[in-house]
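Asks: So I've got this file, final-v3.cif, and it contains mmCIF, C-alpha atoms:
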```
data_model
#
loop_
_atom_site.group_PDB
_atom_site.id
_atom_site.type_symbol
_atom_site.label_atom_id
_atom_site.label_comp_id
_atom_site.auth_asym_id
_atom_site.auth_seq_id
_atom_site.Cartn_x
_atom_site.Cartn_y
_atom_site.Cartn_z
ATOM 1 C CA MET A 1 15.120 -24.834 23.662
ATOM 2 C CA ARG A 2 12.339 -27.431 23.554
ATOM 3 C CA LYS A 3 10.035 -25.316 25.709
ATOM 4 C CA TYR A 4 10.307 -22.383 23.305
ATOM 5 C CA ILE A 5 9.519 -24.674 20.372
ATOM 6 C CA ASP A 6 6.429 -25.753 22.294
ATOM 7 C CA TYR A 7 5.377 -22.107 22.537
ATOM 8 C CA MET A 8 5.835 -21.796 18.786
ATOM 9 C CA LYS A 9 3.419 -24.708 18.421
ATOM 10 C CA ILE A 10 0.967 -22.959 20.747
ATOM 11 C CA GLY A 11 1.086 -19.870 18.526
ATOM 12 C CA ILE A 12 0.376 -22.032 15.474
ATOM 13 C CA LYS A 13 -2.487 -23.922 17.116
ATOM 14 C CA GLU A 14 -4.129 -20.769 18.445
ATOM 15 C CA HIS A 15 -4.220 -19.285 14.966
ATOM 16 C CA LEU A 16 -5.753 -22.459 13.523
ATOM 17 C CA VAL A 17 -8.487 -22.856 16.151
ATOM 18 C CA TYR A 18 -11.190 -21.317 13.956
ATOM 19 C CA SER A 19 -10.913 -22.407 10.324
ATOM 20 C CA SER A 20 -13.584 -19.907 9.274
ATOM 21 C CA SER A 21 -11.420 -17.113 10.689
ATOM 22 C CA VAL A 22 -8.467 -18.315 8.601
ATOM 23 C CA PHE A 23 -10.527 -18.208 5.391
ATOM 24 C CA ALA A 24 -11.982 -14.820 6.330
ATOM 25 C CA ASN A 25 -8.490 -13.435 6.955
ATOM 26 C CA LEU A 26 -7.220 -14.755 3.620
ATOM 27 C CA LEU A 27 -10.216 -13.293 1.798
ATOM 28 C CA SER A 28 -9.751 -9.913 3.499
ATOM 29 C CA LYS A 29 -6.085 -9.828 2.481
ATOM 30 C CA ILE A 30 -6.950 -10.663 -1.133
ATOM 31 C CA ILE A 31 -9.547 -7.874 -1.162
ATOM 32 C CA TYR A 32 -7.082 -5.450 0.446
ATOM 33 C CA LEU A 33 -4.434 -6.257 -2.176
ATOM 34 C CA TYR A 34 -6.994 -5.745 -4.952
ATOM 35 C CA MET A 35 -8.081 -2.415 -3.448
ATOM 36 C CA GLN A 36 -4.477 -1.228 -3.186
ATOM 37 C CA PHE A 37 -3.806 -2.275 -6.769
ATOM 38 C CA SER A 38 -6.928 -0.514 -8.044
ATOM 39 C CA LEU A 39 -6.307 2.622 -5.966
ATOM 40 C CA TRP A 40 -2.771 3.172 -7.237
ATOM 41 C CA ASN A 41 -3.776 2.412 -10.827
ATOM 42 C CA ALA A 42 -6.483 5.057 -10.535
ATOM 43 C CA LEU A 43 -4.113 7.612 -8.979
ATOM 44 C CA PHE A 44 -1.559 7.237 -11.744
ATOM 45 C CA SER A 45 -4.249 7.289 -14.424
ATOM 46 C CA ALA A 46 -5.613 10.542 -13.024
ATOM 47 C CA ASN A 47 -2.140 12.135 -12.829
ATOM 48 C CA PRO A 48 -0.230 10.971 -15.928
ATOM 49 C CA GLY A 49 3.359 12.153 -16.210
ATOM 50 C CA ARG A 50 3.505 13.545 -12.673
ATOM 51 C CA ASP A 51 6.808 13.005 -10.849
ATOM 52 C CA THR A 52 6.024 10.995 -7.711
ATOM 53 C CA GLY A 53 9.440 9.527 -6.941
ATOM 54 C CA LEU A 54 8.465 6.116 -8.313
ATOM 55 C CA SER A 55 7.083 5.107 -11.698
ATOM 56 C CA HIS A 56 3.717 3.429 -12.091
ATOM 57 C CA GLU A 57 5.255 -0.059 -12.391
ATOM 58 C CA GLU A 58 7.676 0.531 -9.508
ATOM 59 C CA THR A 59 4.833 1.659 -7.264
ATOM 60 C CA LEU A 60 2.693 -1.373 -8.093
ATOM 61 C CA ARG A 61 5.598 -3.732 -7.397
ATOM 62 C CA TYR A 62 6.268 -1.950 -4.118
ATOM 63 C CA ILE A 63 2.630 -2.086 -2.981
ATOM 64 C CA ILE A 64 2.242 -5.761 -3.934
ATOM 65 C CA VAL A 65 5.350 -6.855 -2.020
ATOM 66 C CA ALA A 66 4.582 -4.606 0.974
ATOM 67 C CA THR A 67 1.053 -6.035 1.213
ATOM 68 C CA ILE A 68 2.303 -9.624 0.995
ATOM 69 C CA ILE A 69 4.958 -9.032 3.668
ATOM 70 C CA SER A 70 2.400 -7.414 5.966
ATOM 71 C CA THR A 71 0.409 -10.672 6.057
ATOM 72 C CA PHE A 72 2.921 -12.234 8.440
ATOM 73 C CA MET A 73 4.761 -9.182 9.771
ATOM 74 C CA GLU A 74 1.965 -7.838 11.939
ATOM 75 C CA CYS A 75 1.820 -9.234 15.479
ATOM 76 C CA ASP A 76 -0.333 -9.035 18.598
ATOM 77 C CA VAL A 77 2.568 -8.685 21.025
ATOM 78 C CA ILE A 78 1.252 -5.407 22.454
ATOM 79 C CA ALA A 79 -2.240 -6.768 23.152
ATOM 80 C CA HIS A 80 -0.822 -10.006 24.598
ATOM 81 C CA ILE A 81 1.528 -8.271 27.051
ATOM 82 C CA ASN A 82 -1.140 -5.734 27.978
ATOM 83 C CA ASN A 83 -3.542 -8.574 28.815
ATOM 84 C CA GLU A 84 -0.930 -10.456 30.850
ATOM 85 C CA ILE A 85 -0.203 -7.372 32.962
ATOM 86 C CA GLN A 86 -3.844 -6.296 33.344
ATOM 87 C CA THR A 87 -4.980 -9.742 34.513
ATOM 88 C CA GLY A 88 -1.981 -10.200 36.795
ATOM 89 C CA ASN A 89 -0.981 -13.366 34.972
ATOM 90 C CA ILE A 90 2.425 -11.774 34.371
ATOM 91 C CA ALA A 91 3.331 -12.740 37.961
ATOM 92 C CA ASN A 92 2.880 -16.424 37.096
ATOM 93 C CA GLN A 93 4.896 -16.009 33.918
ATOM 94 C CA LEU A 94 7.803 -14.440 35.782
ATOM 95 C CA ILE A 95 8.232 -17.359 38.191
ATOM 96 C CA ARG A 96 8.538 -19.857 35.362
ATOM 97 C CA PRO A 97 12.051 -21.047 34.434
ATOM 98 C CA MET A 98 11.759 -19.234 31.114
ATOM 99 C CA ASP A 99 12.520 -15.787 29.793
ATOM 100 C CA PHE A 100 9.173 -14.041 29.310
ATOM 101 C CA ARG A 101 10.384 -12.030 26.313
ATOM 102 C CA ALA A 102 11.747 -15.141 24.582
ATOM 103 C CA MET A 103 8.470 -16.898 25.330
ATOM 104 C CA VAL A 104 6.470 -14.086 23.714
ATOM 105 C CA PHE A 105 8.834 -14.064 20.737
ATOM 106 C CA SER A 106 8.533 -17.853 20.265
ATOM 107 C CA LYS A 107 4.760 -17.742 20.329
ATOM 108 C CA ASN A 108 4.678 -14.795 17.940
ATOM 109 C CA LEU A 109 7.171 -16.519 15.628
ATOM 110 C CA GLY A 110 4.933 -19.587 15.457
ATOM 111 C CA THR A 111 1.981 -17.382 14.530
ATOM 112 C CA GLY A 112 4.082 -15.603 11.919
ATOM 113 C CA LEU A 113 5.218 -18.871 10.329
ATOM 114 C CA ILE A 114 1.689 -20.210 9.972
ATOM 115 C CA LYS A 115 0.556 -16.857 8.541
ATOM 116 C CA LEU A 116 3.402 -17.138 6.044
ATOM 117 C CA LEU A 117 2.038 -20.463 4.844
ATOM 118 C CA LEU A 118 -1.659 -19.584 4.956
ATOM 119 C CA TYR A 119 -1.631 -16.039 3.561
ATOM 120 C CA CYS A 120 1.709 -15.054 2.065
ATOM 121 C CA ILE A 121 2.166 -18.048 -0.256
ATOM 122 C CA PRO A 122 -1.426 -17.964 -1.620
ATOM 123 C CA LEU A 123 -1.103 -14.224 -2.275
ATOM 124 C CA CYS A 124 2.182 -14.819 -4.104
ATOM 125 C CA ILE A 125 0.483 -17.440 -6.287
ATOM 126 C CA ILE A 126 -2.524 -15.211 -7.005
ATOM 127 C CA THR A 127 -0.257 -12.274 -7.844
ATOM 128 C CA GLY A 128 1.802 -14.450 -10.195
ATOM 129 C CA LEU A 129 -1.327 -15.587 -12.030
ATOM 130 C CA ILE A 130 -2.839 -12.120 -12.410
ATOM 131 C CA TYR A 131 0.127 -9.734 -12.553
ATOM 132 C CA HIS A 132 2.447 -11.094 -15.245
ATOM 133 C CA THR A 133 5.178 -8.459 -14.898
ATOM 134 C CA PRO A 134 8.100 -9.635 -12.681
ATOM 135 C CA VAL A 135 7.594 -8.256 -9.177
ATOM 136 C CA VAL A 136 10.906 -9.156 -7.508
ATOM 137 C CA CYS A 137 14.519 -8.518 -8.461
ATOM 138 C CA ARG A 138 15.772 -12.099 -8.425
ATOM 139 C CA SER A 139 19.456 -11.215 -8.120
ATOM 140 C CA GLN A 140 18.678 -9.458 -4.809
ATOM 141 C CA LEU A 141 16.125 -11.897 -3.436
ATOM 142 C CA ILE A 142 18.519 -13.430 -0.871
ATOM 143 C CA PHE A 143 19.385 -9.970 0.447
ATOM 144 C CA GLY A 144 15.668 -9.192 0.486
ATOM 145 C CA LEU A 145 14.913 -12.236 2.626
ATOM 146 C CA ILE A 146 17.691 -11.285 5.027
ATOM 147 C CA SER A 147 16.226 -7.789 5.197
ATOM 148 C CA VAL A 148 12.724 -9.145 5.858
ATOM 149 C CA THR A 149 14.115 -11.216 8.741
ATOM 150 C CA ALA A 150 15.787 -8.120 10.168
ATOM 151 C CA SER A 151 12.610 -6.088 9.767
ATOM 152 C CA TYR A 152 10.678 -8.803 11.626
ATOM 153 C CA MET A 153 13.066 -8.409 14.559
ATOM 154 C CA ILE A 154 12.713 -4.620 14.484
ATOM 155 C CA GLN A 155 8.923 -4.950 14.424
ATOM 156 C CA PHE A 156 9.012 -7.342 17.393
ATOM 157 C CA PHE A 157 11.293 -5.213 19.574
ATOM 158 C CA TYR A 158 9.276 -2.093 18.745
ATOM 159 C CA SER A 159 6.040 -3.871 19.705
ATOM 160 C CA LEU A 160 7.673 -5.313 22.824
ATOM 161 C CA ILE A 161 8.688 -1.849 24.020
ATOM 162 C CA ILE A 162 5.173 -0.471 23.536
ATOM 163 C CA GLY A 163 3.641 -3.545 25.177
ATOM 164 C CA LEU A 164 5.894 -3.269 28.227
ATOM 165 C CA MET A 165 4.713 0.305 28.736
ATOM 166 C CA ALA A 166 1.677 -1.361 30.331
ATOM 167 C CA PHE A 167 3.788 -1.683 33.487
ATOM 168 C CA TRP A 168 3.199 2.064 33.916
ATOM 169 C CA LEU A 169 0.081 2.804 31.848
ATOM 170 C CA ILE A 170 -1.849 -0.420 32.623
ATOM 171 C CA VAL A 171 -4.015 0.233 29.530
ATOM 172 C CA THR A 172 -1.950 0.815 26.393
ATOM 173 C CA TRP A 173 -4.522 0.604 23.604
ATOM 174 C CA PRO A 174 -4.903 4.403 23.145
ATOM 175 C CA LEU A 175 -1.127 4.735 22.823
ATOM 176 C CA ASN A 176 -1.062 1.668 20.595
ATOM 177 C CA MET A 177 -3.670 3.131 18.232
ATOM 178 C CA LEU A 178 -1.750 6.395 17.929
ATOM 179 C CA LEU A 179 1.621 4.741 17.364
ATOM 180 C CA ALA A 180 0.117 2.151 14.999
ATOM 181 C CA ALA A 181 -1.127 4.915 12.702
ATOM 182 C CA ILE A 182 2.258 6.662 12.799
ATOM 183 C CA TYR A 183 4.049 3.363 12.250
ATOM 184 C CA LYS A 184 1.855 2.379 9.294
ATOM 185 C CA LEU A 185 2.439 5.715 7.610
ATOM 186 C CA LEU A 186 6.167 6.171 8.221
ATOM 187 C CA SER A 187 7.174 2.533 7.671
ATOM 188 C CA GLY A 188 6.102 2.622 4.041
ATOM 189 C CA SER A 189 3.381 0.030 4.536
ATOM 190 C CA TRP A 190 0.666 2.288 3.093
ATOM 191 C CA ILE A 191 2.663 4.725 0.952
ATOM 192 C CA PRO A 192 6.187 4.247 -0.460
ATOM 193 C CA VAL A 193 8.585 6.461 1.488
ATOM 194 C CA GLN A 194 10.032 7.691 -1.821
ATOM 195 C CA MET A 195 6.796 9.663 -2.218
ATOM 196 C CA PHE A 196 7.114 11.466 1.112
ATOM 197 C CA PRO A 197 7.650 15.264 1.140
ATOM 198 C CA GLY A 198 11.303 16.202 1.579
ATOM 199 C CA ILE A 199 11.135 17.212 5.252
ATOM 200 C CA LEU A 200 9.131 14.132 6.247
ATOM 201 C CA GLU A 201 11.547 11.884 4.379
ATOM 202 C CA ARG A 202 14.506 13.462 6.190
ATOM 203 C CA ILE A 203 12.826 13.083 9.592
ATOM 204 C CA ASN A 204 12.004 9.471 8.804
ATOM 205 C CA THR A 205 15.667 8.606 8.214
ATOM 206 C CA PHE A 206 16.254 9.060 11.967
ATOM 207 C CA LEU A 207 13.357 6.777 12.961
ATOM 208 C CA PRO A 208 13.164 2.952 12.918
ATOM 209 C CA PHE A 209 9.942 2.725 10.915
ATOM 210 C CA ARG A 210 11.547 2.860 7.465
ATOM 211 C CA ALA A 211 13.584 -0.226 8.359
ATOM 212 C CA ILE A 212 10.425 -2.320 8.809
ATOM 213 C CA TYR A 213 8.856 -2.091 5.336
ATOM 214 C CA ALA A 214 10.585 0.428 3.071
ATOM 215 C CA ILE A 215 14.053 -1.120 3.218
ATOM 216 C CA PRO A 216 13.143 -4.795 2.617
ATOM 217 C CA VAL A 217 10.531 -3.982 -0.020
ATOM 218 C CA THR A 218 12.930 -1.706 -1.895
ATOM 219 C CA ILE A 219 15.673 -4.348 -1.835
ATOM 220 C CA ILE A 220 13.263 -6.980 -3.145
ATOM 221 C CA THR A 221 11.711 -4.882 -5.913
ATOM 222 C CA THR A 222 14.341 -2.340 -7.036
ATOM 223 C CA PRO A 223 17.774 -3.040 -8.591
ATOM 224 C CA MET A 224 20.434 -1.609 -6.282
ATOM 225 C CA GLU A 225 24.215 -1.531 -6.059
ATOM 226 C CA ARG A 226 25.685 -3.947 -3.538
ATOM 227 C CA LYS A 227 27.179 -1.170 -1.419
ATOM 228 C CA ASN A 228 23.712 0.418 -1.081
ATOM 229 C CA ILE A 229 22.204 -2.925 -0.094
ATOM 230 C CA TYR A 230 24.878 -3.445 2.561
ATOM 231 C CA SER A 231 24.295 0.088 3.824
ATOM 232 C CA GLU A 232 20.556 -0.536 4.208
ATOM 233 C CA LEU A 233 21.149 -3.860 5.962
ATOM 234 C CA LEU A 234 23.569 -2.127 8.327
ATOM 235 C CA ILE A 235 20.881 0.420 9.189
ATOM 236 C CA GLN A 236 18.534 -2.425 10.081
ATOM 237 C CA LEU A 237 21.193 -4.098 12.235
ATOM 238 C CA ILE A 238 21.803 -0.848 14.106
ATOM 239 C CA TRP A 239 18.091 -0.449 14.810
ATOM 240 C CA ILE A 240 17.848 -4.049 16.037
ATOM 241 C CA ILE A 241 20.619 -3.367 18.550
ATOM 242 C CA ILE A 242 19.139 -0.016 19.643
ATOM 243 C CA LEU A 243 15.604 -1.361 20.097
ATOM 244 C CA TYR A 244 16.869 -4.477 21.871
ATOM 245 C CA LEU A 245 18.778 -2.355 24.394
ATOM 246 C CA ILE A 246 15.751 -0.105 24.927
ATOM 247 C CA SER A 247 13.454 -3.117 25.395
ATOM 248 C CA LEU A 248 15.943 -4.587 27.888
ATOM 249 C CA ALA A 249 16.017 -1.352 29.898
ATOM 250 C CA VAL A 250 12.206 -1.056 29.848
ATOM 251 C CA TRP A 251 11.863 -4.716 30.877
ATOM 252 C CA LYS A 252 14.221 -4.428 33.846
ATOM 253 C CA THR A 253 12.667 -1.166 35.025
ATOM 254 C CA GLY A 254 9.136 -2.480 34.487
ATOM 255 C CA LYS A 255 9.738 -5.601 36.581
ATOM 256 C CA LYS A 256 10.804 -3.401 39.486
ATOM 257 C CA LYS A 257 7.646 -1.357 39.019
ATOM 258 C CA LEU A 258 5.576 -4.543 39.111
ATOM 259 C CA VAL A 259 7.206 -5.615 42.384
ATOM 260 C CA VAL A 260 6.309 -2.225 43.915
ATOM 261 C CA GLN A 261 2.691 -2.588 42.763
ATOM 262 C CA GLY A 262 2.491 -6.092 44.165
ATOM 263 C CA GLY A 263 3.815 -4.949 47.505
#
```
Show how you would write the structure in this file as structure tokens.

Replies:
Amino acid sequence: MRKYIDYMKIGIKEHLVYSSSVFANLLSKIIYLYMQFSLWNALFSANPGRDTGLSHEETLRYIIVATIISTFMECDVIAHINNEIQTGNIANQLIRPMDFRAMVFSKNLGTGLIKLLLYCIPLCIITGLIYHTPVVCRSQLIFGLISVTASYMIQFFYSLIIGLMAFWLIVTWPLNMLLAAIYKLLSGSWIPVQMFPGILERINTFLPFRAIYAIPVTIITTPMERKNIYSELLIQLIWIIILYLISLAVWKTGKKKLVVQGG
């Protein structure tokens, strides 16, 4: 357990190496939140009374929370694994008395925790000072935090699967760019899924992306009945299990492929 905690510390230290980068990242996230806020205000002002699935206030709450969550949700697992396989360093990682996937998760978790402190909390404070309307549904906040934790696991396993595809593709960045755009759209990170056209919304219910942003953000911002909350949390749990099993299969098959390549 201690060795994985050490990898968490490595993830934290790597993110703090360049202080100017930390400030630049925080500034970019503040600007992005402001742009999102201004964009949606303008869209609703230009289309008053139009039925979009969410009201003006509901949309702003959704976008604010989704943007804040994204500050620590995003990870570089795909790029990290791709680099390890391309450079051949994966061979050294495999002979260590550690599980490579757990090692990657620990390092990514450390990075996520420091991002939570450096970006998420300041954005929450800034939002509270500027946007005086309550953003979260306090009675559901605990369920929302549980959902965010589940969505973090879904995001990790999804990224792990794509990253491990480098065993076959060697270079995964073209695939990563394509899937990142699809993921950003369908997860509800850019646009609330309640605004999707009917057919796209139905298709999305069979994909894991909605469980990454749409479910936790909706639980945090929108009053819901307990049975609906439990149903959404169950969906996330199912996707965690499915993606874990897929990542396990890809990992075992990929290691055999690596042995063949190494002769």

Asks: Using the chain letters and numbering of this document, enumerate as a PyMOL selection string the residues selected by the PyMOL selection byres ((chain A and resi 183) around 10).

Replies: chain A and resi 155+158+176-182+184-190+207-210+212

Asks: Kindly indicate which residue among A:Leu94, A:Met35, A:Ile68, A:Ile5 lies nearest to Ile121 of chain A, using all atoms listed in the file for the distances.

Replies: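 Once distances to Ile121 of chain A are computed over all atoms listed in the file, the minimum belongs to A:Ile68.
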
Asks: Applied to the shown file, which residues does the PyMOL selection byres ((chain A and resi 164) around 9) return, written as a list in words?

Replies: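 Selection result, ordered by chain and number: Ile78, Ile81, Asn82, Ile85, Ser159, Leu160, Ile161, Ile162, Gly163, Met165, Ala166, Phe167, Trp168, Ser247, Val250, Trp251 and Gly254 of chain A.
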
Asks: Go through A:Lys107, A:Lys29, A:Lys255, A:Arg96 one by one, measure the shortest atom-to-atom distance of each to Tyr7 of chain A using only C-alpha atoms, and give the residue with the smallest value.

Replies: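 Counting only C-alpha atoms, the residue closest to Tyr7 of chain A is A:Lys107.
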
Asks: Expand the PyMOL selection byres ((chain A and resi 30) around 12) into the explicit residue set it covers here, and present it as a PyMOL selection string.

Replies: chain A and resi 23-29+31-37+64+67-68+71+119-127

Asks: Here is a test: counting all atoms listed in the file, which residue of A:Leu60, A:Ile199, A:Cys75, A:Ile246 is nearest to Val136 of chain A?

Replies: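 Answer, going by the shortest atom-to-atom distance: A:Leu60.
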
Asks: Give me, please, the distance in Å between atom CA of Lys115 of chain A and atom CA of His80 of chain A, quoted to one decimal.

Replies: 17.5 Å

Asks: Just want the 6 Å neighbourhood of segment 97-106 of chain A, counted on all atoms listed in the file, with same-chain residues fewer than 3 positions away dropped. Output as a PyMOL selection string.

Replies: chain A and resi 4+7-8+109

Asks: Report the distance between atom CA of Met153 of chain A and atom CA of Pro134 of chain A in Å, rounded to one decimal place.

Replies: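 Atom CA of Pro134 of chain A lies at a distance of 27.7 Å from atom CA of Met153 of chain A.
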
Asks: Using all atoms listed in the file, which of A:Gly11, A:Pro192, A:Gly198, A:Gly128 sits nearest Ile114 of chain A?

Replies: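 With all atoms listed in the file as the atom set, the closest residue is A:Gly11.
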
Asks: Around segment 133-139 of chain A, fit a box with edges along x, y and z, padding it by 8 Å on each side, then list its centre and edge lengths in Å to one decimal as AutoDock Vina command-line options.

Replies:
```
--center_x 12.3 --center_y -10.2 --center_z -11.2 --size_x 30.3 --size_y 19.8 --size_z 23.4
```

Asks: So how far away is atom CA of Tyr18 of chain A from atom CA of Ala79 of chain A, in Å?

Replies: 19.4 Å

Asks: Give me the segment 22-131 of chain A side of the contact with segment 221-243 of chain A, cut-off 12 Å, one line per residue showing its nearest atom pair and distance in Å at one decimal, counting only C-alpha atoms, sorted by chain and residue number, as JSON lines.

Replies:
```
{"residue": "A:Leu54", "atom": "CA", "partner": "A:Thr222", "partner_atom": "CA", "distance": 10.4}
{"residue": "A:Ser55", "atom": "CA", "partner": "A:Thr222", "partner_atom": "CA", "distance": 11.4}
{"residue": "A:Glu57", "atom": "CA", "partner": "A:Thr221", "partner_atom": "CA", "distance": 10.3}
{"residue": "A:Glu58", "atom": "CA", "partner": "A:Thr221", "partner_atom": "CA", "distance": 7.6}
{"residue": "A:Thr59", "atom": "CA", "partner": "A:Thr221", "partner_atom": "CA", "distance": 9.6}
{"residue": "A:Leu60", "atom": "CA", "partner": "A:Thr221", "partner_atom": "CA", "distance": 9.9}
{"residue": "A:Arg61", "atom": "CA", "partner": "A:Thr221", "partner_atom": "CA", "distance": 6.4}
{"residue": "A:Tyr62", "atom": "CA", "partner": "A:Thr221", "partner_atom": "CA", "distance": 6.4}
{"residue": "A:Ile63", "atom": "CA", "partner": "A:Thr221", "partner_atom": "CA", "distance": 9.9}
{"residue": "A:Ile64", "atom": "CA", "partner": "A:Thr221", "partner_atom": "CA", "distance": 9.7}
{"residue": "A:Val65", "atom": "CA", "partner": "A:Thr221", "partner_atom": "CA", "distance": 7.7}
{"residue": "A:Ala66", "atom": "CA", "partner": "A:Thr221", "partner_atom": "CA", "distance": 9.9}
```

Asks: Of the candidates A:Asn108, A:Thr253, A:Ser70, A:Asn83, which shows the shortest atom-to-atom distance to Pro216 of chain A, using only C-alpha atoms?

Replies: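 Going through A:Asn108, A:Thr253, A:Ser70, A:Asn83 one by one, the smallest distance to Pro216 of chain A is for A:Ser70.
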
Asks: Counting only C-alpha atoms, figure out which residue out of A:Tyr131, A:Pro174, A:Ile219, A:Lys9 gets nearest to Ile146 of chain A.

Replies: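 Using only C-alpha atoms, Ile146 of chain A sits closest to A:Ile219.
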
Asks: Please write a file for segment 51-100 of chain A, taken from the block I just shared, that holds C-alpha atoms and is laid out as an mmCIF file, in the first residue's frame.

Replies:
```
data_model
loop_
_atom_site.group_PDB
_atom_site.id
_atom_site.type_symbol
_atom_site.label_atom_id
_atom_site.label_comp_id
_atom_site.auth_asym_id
_atom_site.auth_seq_id
_atom_site.Cartn_x
_atom_site.Cartn_y
_atom_site.Cartn_z
ATOM 1 C CA ASP A 51 -38.261 24.687 -24.870
ATOM 2 C CA THR A 52 -34.732 23.297 -24.529
ATOM 3 C CA GLY A 53 -35.284 20.607 -21.906
ATOM 4 C CA LEU A 54 -33.768 22.749 -19.153
ATOM 5 C CA SER A 55 -34.631 26.249 -17.974
ATOM 6 C CA HIS A 56 -32.144 29.096 -18.092
ATOM 7 C CA GLU A 57 -31.259 28.754 -14.387
ATOM 8 C CA GLU A 58 -31.049 24.954 -14.571
ATOM 9 C CA THR A 59 -28.695 25.163 -17.539
ATOM 10 C CA LEU A 60 -26.408 27.668 -15.820
ATOM 11 C CA ARG A 61 -26.244 25.514 -12.688
ATOM 12 C CA TYR A 62 -25.485 22.467 -14.814
ATOM 13 C CA ILE A 63 -22.718 24.192 -16.791
ATOM 14 C CA ILE A 64 -21.106 25.671 -13.664
ATOM 15 C CA VAL A 65 -20.965 22.328 -11.839
ATOM 16 C CA ALA A 66 -19.867 20.409 -14.958
ATOM 17 C CA THR A 67 -17.024 22.883 -15.548
ATOM 18 C CA ILE A 68 -15.876 22.698 -11.924
ATOM 19 C CA ILE A 69 -15.927 18.884 -11.934
ATOM 20 C CA SER A 70 -13.961 18.786 -15.185
ATOM 21 C CA THR A 71 -11.044 20.571 -13.484
ATOM 22 C CA PHE A 72 -10.025 17.375 -11.701
ATOM 23 C CA MET A 73 -11.839 14.717 -13.729
ATOM 24 C CA GLU A 74 -9.677 14.915 -16.830
ATOM 25 C CA CYS A 75 -6.572 12.709 -16.807
ATOM 26 C CA ASP A 76 -3.524 11.956 -18.939
ATOM 27 C CA VAL A 77 -3.733 8.183 -18.558
ATOM 28 C CA ILE A 78 -3.902 7.601 -22.320
ATOM 29 C CA ALA A 79 -0.823 9.715 -23.086
ATOM 30 C CA HIS A 80 1.105 8.183 -20.167
ATOM 31 C CA ILE A 81 0.453 4.570 -21.201
ATOM 32 C CA ASN A 82 1.100 5.385 -24.852
ATOM 33 C CA ASN A 83 4.488 6.863 -23.916
ATOM 34 C CA GLU A 84 5.405 3.891 -21.717
ATOM 35 C CA ILE A 85 4.675 1.444 -24.541
ATOM 36 C CA GLN A 86 6.298 3.530 -27.293
ATOM 37 C CA THR A 87 9.545 3.988 -25.348
ATOM 38 C CA GLY A 88 9.632 0.367 -24.210
ATOM 39 C CA ASN A 89 9.658 1.429 -20.575
ATOM 40 C CA ILE A 90 6.562 -0.727 -20.070
ATOM 41 C CA ALA A 91 8.895 -3.756 -19.911
ATOM 42 C CA ASN A 92 10.602 -2.296 -16.833
ATOM 43 C CA GLN A 93 7.254 -1.495 -15.256
ATOM 44 C CA LEU A 94 6.015 -5.052 -15.709
ATOM 45 C CA ILE A 95 8.919 -6.631 -13.817
ATOM 46 C CA ARG A 96 8.313 -4.473 -10.765
ATOM 47 C CA PRO A 97 6.471 -6.067 -7.817
ATOM 48 C CA MET A 98 3.516 -3.776 -8.460
ATOM 49 C CA ASP A 99 0.375 -3.867 -10.540
ATOM 50 C CA PHE A 100 0.920 -1.469 -13.444
#
```
